[in-house]
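J.: Take this structure, written in structure tokens, and hold onto it; I'll ask about it next.
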Amino acid sequence: MAIAPEIQSLADDMRAWRQQIHSQPEIAFNEHQTAHLVATLLRSWGIETHTGIGQTGVVGVIQGALGPGPSIAFRADMDALPIVEEGQPAYRSQHHGVFHGCGHDGHTSILLGTACLLARQRQFRGQVVLIFQPAEEIIQGSLAMLEDGLLQRFPFDEVYSLHNHPTLAAGTIGVRVGAQLASVDFFSIRITGVGSHGGMPHLSVDPIVIGAALVGALQGIVSRTIDPLENAVISVCRFQAGETNNVIPEFAVLDGTIRTLSTAVRQQVVEHIGQVCQGLALAHGCQIDMSLANSTPPVVNSPQPTRYVVQAAQQVVGPENLIENVAPIMAGDDVSVFLQARPGCHFLLGQDGPMCHHPHYDFNDEVAGIGVAMFEQLVRLRLAA
């Protein structure tokens, strides 16, 4: 593995940018300081810069010096998570309850390093569109940018992005053709029964008992209605009901998430959940209402862009550090919406350490140069003279 000196020279700057962003984390659609830092740096390097795209997104456009050609986009996410950081780095979050626990600070610093490098050289044809996206954690930012005219204002033919992955060894690249990450749907199921005294349950229609039956029935959807060669997850992550220990409540609410690797299976799961809710409502004489929110499709990598990522990885980290056909992950990412709009590839950058969303997570600055080198190599492959 050999990182070019011009990329190595950016290491200290990328570390400083990343740690500054880490110490001042901002949640979805509130990335004002981060967006300001990004825009200020892009403009300082002479890059055409646009702010307020999809509320707090930033777009930079770098024209190559070698004439017209294709347009490719690189995307990084900027938002943090609403969780408490338990680690104690010197650059620890200064905003209690907000934390860069997924590495978006690292992704942003990598794309900033890429921008700085390309702005200095510009030895390519066509253009590179730099997308600094808000609100990935609530899977709304990419759609917000598209609805704000991203493709019309800054057209691109292909889109590439990366995400750190702690379960892969530092310095490795993982990628696959097809579904790389899962679709994401968040569901909320409200059960309306009849409340009663805790000592007189026969006078109630108990939403807690119905909810408990529903939790078990939902698990049967995956095990008994979905082809076992397909991938699907239904997780009930919150069950809320009642205020005290001697009253059967009128309402219960179950919240959770659905993850699949195909849109067909996704639709099948949603339909089955609706059927289970209808059946239990009829059986118990209650009302059950389900709603879905903040949905995004699977992250699906196109064949040809994935081949370019494989070629880039072979040059940057070597075949021995490339994992082709890496196992898909049931986490999601709303870069999927960009990948529906244009062909592209989302790949994984190994970094070791605690898994994303862990309270002790921290991005590994040592692998940032590999991310920059991957993006630069993709420019060489796609926009060479």
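Just remember, in the structure tokens the first chain shown is A, the second B, etc., residues are 1-based per chain, and ligands are 1-based in the order shown.
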I need the residues in stretch 322-364 of chain A that are helix (DSSP H, G or I) according to DSSP; give them as a PyMOL selection string.

T.: chain A and resi 335-341

J.: Please provide as a list in words all residues within 9 Å of stretch 351-355 of chain A, with the sequence filter that same-chain residues fewer than 2 positions apart are discarded (counting only C-alpha atoms).

T.: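 The contact residues come out as Gly101, Cys102, Asn164, His165, Pro166, Thr167, Leu168, Ala169, Ala170, Gly171, Thr172, Leu349, His357, His358, Pro359, His360, Tyr361, Asp362, Phe363, Asn364, Asp365, Glu366 and Val367 of chain A.
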
J.: Apply DSSP to the structure's backbone, then extract all residues of stretch 253-287 of chain A labelled strand (DSSP E) and return them as a list in words.

T.: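 The strand (DSSP E) subset of stretch 253-287 of chain A is Val253, Leu254, Asp255, Gly256, Thr257, Ile258, Arg259, Thr260 and Gln287 of chain A.
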
J.: Report as JSON, numbers by chain all protein, DNA and RNA residues lying within 10 Å of A:Val335, evaluated on only C-alpha atoms, omitting residues in the same chain fewer than 6 positions from it.

T.: {"A": [75, 76, 77, 133, 136, 139, 140, 141, 142, 143, 159, 160, 161, 162, 181, 296, 297, 298, 299, 300, 344, 345, 346]}

J.: Between atom CA of A:Ala252 and atom CA of A:Ile189, what is the distance, to one decimal in Å?

T.: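 Separating atom CA of A:Ala252 from atom CA of A:Ile189 is a distance of 8.2 Å.
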
J.: Pull the closest atom pair for each residue of stretch 54-121 of chain A that gets at most 8 Å from stretch 152-158 of chain A, along with the distance in Å to one decimal, counting only C-alpha atoms, ordering rows by chain and then ascending residue number, as JSON lines.

T.:
```
{"residue": "A:Val61", "atom": "CA", "partner": "A:Phe154", "partner_atom": "CA", "distance": 7.8}
{"residue": "A:Pro70", "atom": "CA", "partner": "A:Asp157", "partner_atom": "CA", "distance": 6.7}
{"residue": "A:Ser71", "atom": "CA", "partner": "A:Phe156", "partner_atom": "CA", "distance": 4.6}
{"residue": "A:Ile72", "atom": "CA", "partner": "A:Glu158", "partner_atom": "CA", "distance": 4.9}
{"residue": "A:Ala73", "atom": "CA", "partner": "A:Phe156", "partner_atom": "CA", "distance": 6.1}
```

J.: What's around A:His104 at 7 Å? Count only C-alpha atoms, leave out sequence neighbours fewer than 2 positions away in its own chain, and write the answer as a PyMOL selection string.

T.: chain A and resi 77-80+100+102+106-108

J.: Write a file of the selected residues as an mmCIF file, in the first residue's frame, keeping N, CA, C and O atoms.

T.:
```cif
data_model
loop_
_atom_site.group_PDB
_atom_site.id
_atom_site.type_symbol
_atom_site.label_atom_id
_atom_site.label_comp_id
_atom_site.auth_asym_id
_atom_site.auth_seq_id
_atom_site.Cartn_x
_atom_site.Cartn_y
_atom_site.Cartn_z
ATOM 1 N N ASP A 77 -21.380 12.465 3.834
ATOM 2 C CA ASP A 77 -22.446 12.896 4.738
ATOM 3 C C ASP A 77 -21.839 13.685 5.895
ATOM 4 O O ASP A 77 -20.710 13.447 6.304
ATOM 5 N N MET A 78 -22.609 14.639 6.460
ATOM 6 C CA MET A 78 -22.054 15.580 7.432
ATOM 7 C C MET A 78 -22.680 15.504 8.816
ATOM 8 O O MET A 78 -22.135 16.091 9.760
ATOM 9 N N ASP A 79 -23.812 14.835 8.991
ATOM 10 C CA ASP A 79 -24.548 14.946 10.245
ATOM 11 C C ASP A 79 -24.070 13.956 11.300
ATOM 12 O O ASP A 79 -23.446 12.939 10.998
ATOM 13 N N ALA A 80 -24.394 14.270 12.551
ATOM 14 C CA ALA A 80 -24.029 13.441 13.695
ATOM 15 C C ALA A 80 -25.268 12.742 14.245
ATOM 16 O O ALA A 80 -26.377 12.902 13.726
ATOM 17 N N HIS A 100 -20.551 12.435 16.829
ATOM 18 C CA HIS A 100 -20.197 11.839 15.537
ATOM 19 C C HIS A 100 -19.828 10.371 15.761
ATOM 20 O O HIS A 100 -18.670 9.970 15.681
ATOM 21 N N CYS A 102 -20.726 7.826 13.907
ATOM 22 C CA CYS A 102 -20.808 7.000 12.693
ATOM 23 C C CYS A 102 -19.703 7.331 11.693
ATOM 24 O O CYS A 102 -19.621 6.720 10.643
ATOM 25 N N GLY A 106 -15.282 11.937 9.571
ATOM 26 C CA GLY A 106 -14.198 11.403 8.741
ATOM 27 C C GLY A 106 -14.522 11.436 7.264
ATOM 28 O O GLY A 106 -13.665 11.767 6.430
ATOM 29 N N HIS A 107 -15.748 11.090 6.920
ATOM 30 C CA HIS A 107 -16.149 11.128 5.507
ATOM 31 C C HIS A 107 -16.020 12.547 4.952
ATOM 32 O O HIS A 107 -15.562 12.752 3.817
ATOM 33 N N THR A 108 -16.452 13.534 5.749
ATOM 34 C CA THR A 108 -16.372 14.927 5.309
ATOM 35 C C THR A 108 -14.922 15.355 5.137
ATOM 36 O O THR A 108 -14.573 16.027 4.148
#
```

J.: Considering only C-alpha atoms, state which residue in the set A:Glu6, A:Asp12, A:Glu137, A:Glu147 is at the smallest distance from A:Gly54.

T.: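 The shortest atom-to-atom distance to A:Gly54 comes from A:Glu147.
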
J.: Please determine, counting only C-alpha atoms, which residue among A:Leu81, A:Ala373, A:Leu254, A:Val129 has the shortest atom-to-atom distance to A:His22.

T.: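 The answer is A:Leu81, which sits nearest to A:His22.
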
J.: Can you work out the spacing between atom CA of A:Glu271 and atom CA of A:Arg238 in Å, to one decimal?

T.: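 Distance between the two atoms: 21.0 Å.
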
J.: So which one's closest to A:Pro305, A:Ile210, A:Ile191, A:Arg176, A:Gly318? Using only C-alpha atoms, please.

T.: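 Smallest separation from A:Pro305 among the options: A:Arg176.
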
J.: Could you list, as JSON, numbers by chain, every residue within 9 Å of A:Cys116, counting only C-alpha atoms and ignoring same-chain residues fewer than 2 positions away?

T.: {"A": [10, 41, 42, 45, 47, 111, 112, 113, 114, 118, 119, 120, 121]}

J.: Since we have the selection now, will you write its residues out, keeping all heavy atoms, as a short mmCIF file (atom, residue, chain, number, x, y, z; two decimals), in the first residue's frame?

T.:
```cif
data_model
loop_
_atom_site.label_atom_id
_atom_site.label_comp_id
_atom_site.auth_asym_id
_atom_site.auth_seq_id
_atom_site.Cartn_x
_atom_site.Cartn_y
_atom_site.Cartn_z
N LEU A 10 -1.54 15.98 3.12
CA LEU A 10 -2.82 16.49 3.60
C LEU A 10 -3.25 15.86 4.92
O LEU A 10 -4.27 16.27 5.49
CB LEU A 10 -3.91 16.20 2.54
CG LEU A 10 -3.82 16.97 1.23
CD1 LEU A 10 -4.77 16.35 0.20
CD2 LEU A 10 -4.17 18.44 1.45
N LEU A 41 -13.61 26.40 3.20
CA LEU A 41 -12.42 25.72 2.67
C LEU A 41 -12.50 25.56 1.15
O LEU A 41 -11.51 25.81 0.44
CB LEU A 41 -12.27 24.36 3.34
CG LEU A 41 -11.82 24.39 4.80
CD1 LEU A 41 -11.92 23.01 5.43
CD2 LEU A 41 -10.39 24.92 4.92
N LEU A 42 -13.66 25.15 0.64
CA LEU A 42 -13.79 24.98 -0.81
C LEU A 42 -13.49 26.30 -1.54
O LEU A 42 -12.76 26.33 -2.54
CB LEU A 42 -15.19 24.49 -1.17
CG LEU A 42 -15.59 23.09 -0.68
CD1 LEU A 42 -17.00 22.75 -1.16
CD2 LEU A 42 -14.61 22.02 -1.15
N TRP A 45 -9.90 27.33 -1.89
CA TRP A 45 -9.15 26.60 -2.90
C TRP A 45 -9.61 26.94 -4.32
O TRP A 45 -9.21 26.28 -5.28
CB TRP A 45 -9.31 25.08 -2.66
CG TRP A 45 -8.82 24.65 -1.32
CD1 TRP A 45 -7.73 25.13 -0.64
CD2 TRP A 45 -9.40 23.65 -0.47
NE1 TRP A 45 -7.61 24.49 0.57
CE2 TRP A 45 -8.62 23.57 0.71
CE3 TRP A 45 -10.51 22.80 -0.60
CZ2 TRP A 45 -8.91 22.69 1.75
CZ3 TRP A 45 -10.80 21.93 0.44
CH2 TRP A 45 -10.02 21.88 1.60
N ILE A 47 -12.69 26.77 -5.60
CA ILE A 47 -13.70 25.85 -6.09
C ILE A 47 -15.07 26.55 -6.12
O ILE A 47 -15.45 27.21 -5.14
CB ILE A 47 -13.78 24.59 -5.21
CG1 ILE A 47 -12.46 23.82 -5.28
CG2 ILE A 47 -14.95 23.69 -5.62
CD1 ILE A 47 -12.36 22.66 -4.31
N LEU A 111 -13.51 13.93 1.89
CA LEU A 111 -13.93 14.63 0.68
C LEU A 111 -13.31 16.02 0.61
O LEU A 111 -13.00 16.51 -0.48
CB LEU A 111 -15.45 14.70 0.61
CG LEU A 111 -16.03 15.12 -0.75
CD1 LEU A 111 -15.48 14.24 -1.87
CD2 LEU A 111 -17.55 15.10 -0.74
N LEU A 112 -13.09 16.65 1.76
CA LEU A 112 -12.37 17.92 1.75
C LEU A 112 -10.93 17.73 1.26
O LEU A 112 -10.42 18.53 0.47
CB LEU A 112 -12.37 18.55 3.15
CG LEU A 112 -13.68 19.20 3.60
CD1 LEU A 112 -13.61 19.56 5.08
CD2 LEU A 112 -14.00 20.43 2.75
N GLY A 113 -10.27 16.68 1.73
CA GLY A 113 -8.93 16.40 1.24
C GLY A 113 -8.90 16.15 -0.25
O GLY A 113 -8.00 16.60 -0.96
N THR A 114 -9.91 15.41 -0.73
CA THR A 114 -10.03 15.16 -2.17
C THR A 114 -10.21 16.46 -2.93
O THR A 114 -9.59 16.69 -3.99
CB THR A 114 -11.22 14.23 -2.44
OG1 THR A 114 -11.05 13.01 -1.70
CG2 THR A 114 -11.35 13.90 -3.92
N LEU A 118 -7.68 17.86 -5.82
CA LEU A 118 -8.12 18.04 -7.20
C LEU A 118 -8.06 19.51 -7.63
O LEU A 118 -7.78 19.81 -8.80
CB LEU A 118 -9.55 17.51 -7.36
CG LEU A 118 -9.73 16.01 -7.17
CD1 LEU A 118 -11.20 15.63 -7.31
CD2 LEU A 118 -8.88 15.21 -8.15
N ALA A 119 -8.34 20.42 -6.71
CA ALA A 119 -8.29 21.85 -7.04
C ALA A 119 -6.87 22.28 -7.38
O ALA A 119 -6.67 23.18 -8.21
CB ALA A 119 -8.84 22.67 -5.88
N ARG A 120 -5.88 21.66 -6.74
CA ARG A 120 -4.48 21.99 -7.03
C ARG A 120 -4.06 21.48 -8.40
O ARG A 120 -3.30 22.13 -9.13
CB ARG A 120 -3.57 21.38 -5.97
CG ARG A 120 -3.66 21.97 -4.59
CD ARG A 120 -2.78 21.14 -3.64
NE ARG A 120 -2.85 21.60 -2.26
CZ ARG A 120 -2.30 20.95 -1.25
NH1 ARG A 120 -1.62 19.82 -1.48
NH2 ARG A 120 -2.41 21.42 -0.02
N GLN A 121 -4.56 20.31 -8.76
CA GLN A 121 -4.06 19.64 -9.97
C GLN A 121 -4.93 19.93 -11.18
O GLN A 121 -4.44 20.40 -12.21
CB GLN A 121 -3.99 18.13 -9.72
CG GLN A 121 -3.06 17.74 -8.59
CD GLN A 121 -3.12 16.25 -8.29
OE1 GLN A 121 -4.01 15.54 -8.74
NE2 GLN A 121 -2.16 15.76 -7.52
#
```

J.: Which residues come within 10 Å of A:Val215, counting only C-alpha atoms, excluding same-chain residues fewer than 3 positions away, as a PyMOL selection string?

T.: chain A and resi 210-212+218-220+234-236+239+254

J.: Nearest residue to A:Phe124 out of A:Met145, A:Asn245, A:Gly69, A:Val98, using only C-alpha atoms?

T.: A:Gly69

J.: From the set A:Asn325, A:Thr225, A:Ser23, A:Asn246, which residue has the shortest atom-to-atom contact distance to A:Thr306, counting only C-alpha atoms?

T.: A:Asn325

J.: Pick out the closest residue to A:Phe132 from this set: A:Gly332, A:Gly57, A:Pro82, A:Pro89. Count only C-alpha atoms.

T.: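 Using only C-alpha atoms, the shortest distance to A:Phe132 belongs to A:Gly57.
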
J.: Could you list, as a PDB file with N, CA and C atoms, in the first residue's frame, every residue within 7 Å of stretch 33-40 of chain A, counting only C-alpha atoms and ignoring same-chain residues fewer than 5 positions away?

T.:
```
ATOM      1  N   ILE A  21     -14.675  19.135  13.405  1.00  0.00           N
ATOM      2  CA  ILE A  21     -16.066  18.746  13.145  1.00  0.00           C
ATOM      3  C   ILE A  21     -16.568  17.828  14.254  1.00  0.00           C
ATOM      4  N   THR A  49     -18.594  27.067  -5.376  1.00  0.00           N
ATOM      5  CA  THR A  49     -19.234  26.525  -4.181  1.00  0.00           C
ATOM      6  C   THR A  49     -20.654  27.051  -4.035  1.00  0.00           C
ATOM      7  N   THR A  56     -29.200  22.371   4.246  1.00  0.00           N
ATOM      8  CA  THR A  56     -27.850  22.655   4.746  1.00  0.00           C
ATOM      9  C   THR A  56     -26.756  21.963   3.943  1.00  0.00           C
ATOM     10  N   GLY A  57     -27.082  21.431   2.779  1.00  0.00           N
ATOM     11  CA  GLY A  57     -26.080  20.771   1.957  1.00  0.00           C
ATOM     12  C   GLY A  57     -25.179  21.766   1.251  1.00  0.00           C
ATOM     13  N   VAL A  58     -23.985  21.297   0.899  1.00  0.00           N
ATOM     14  CA  VAL A  58     -22.998  22.105   0.175  1.00  0.00           C
ATOM     15  C   VAL A  58     -22.572  21.330  -1.067  1.00  0.00           C
TER      16      VAL A  58
END
```

J.: What does the structure give for the distance between atom CA of A:Phe74 and atom CA of A:Met330, in Å to one decimal?

T.: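 Those two atoms sit 23.0 Å apart.
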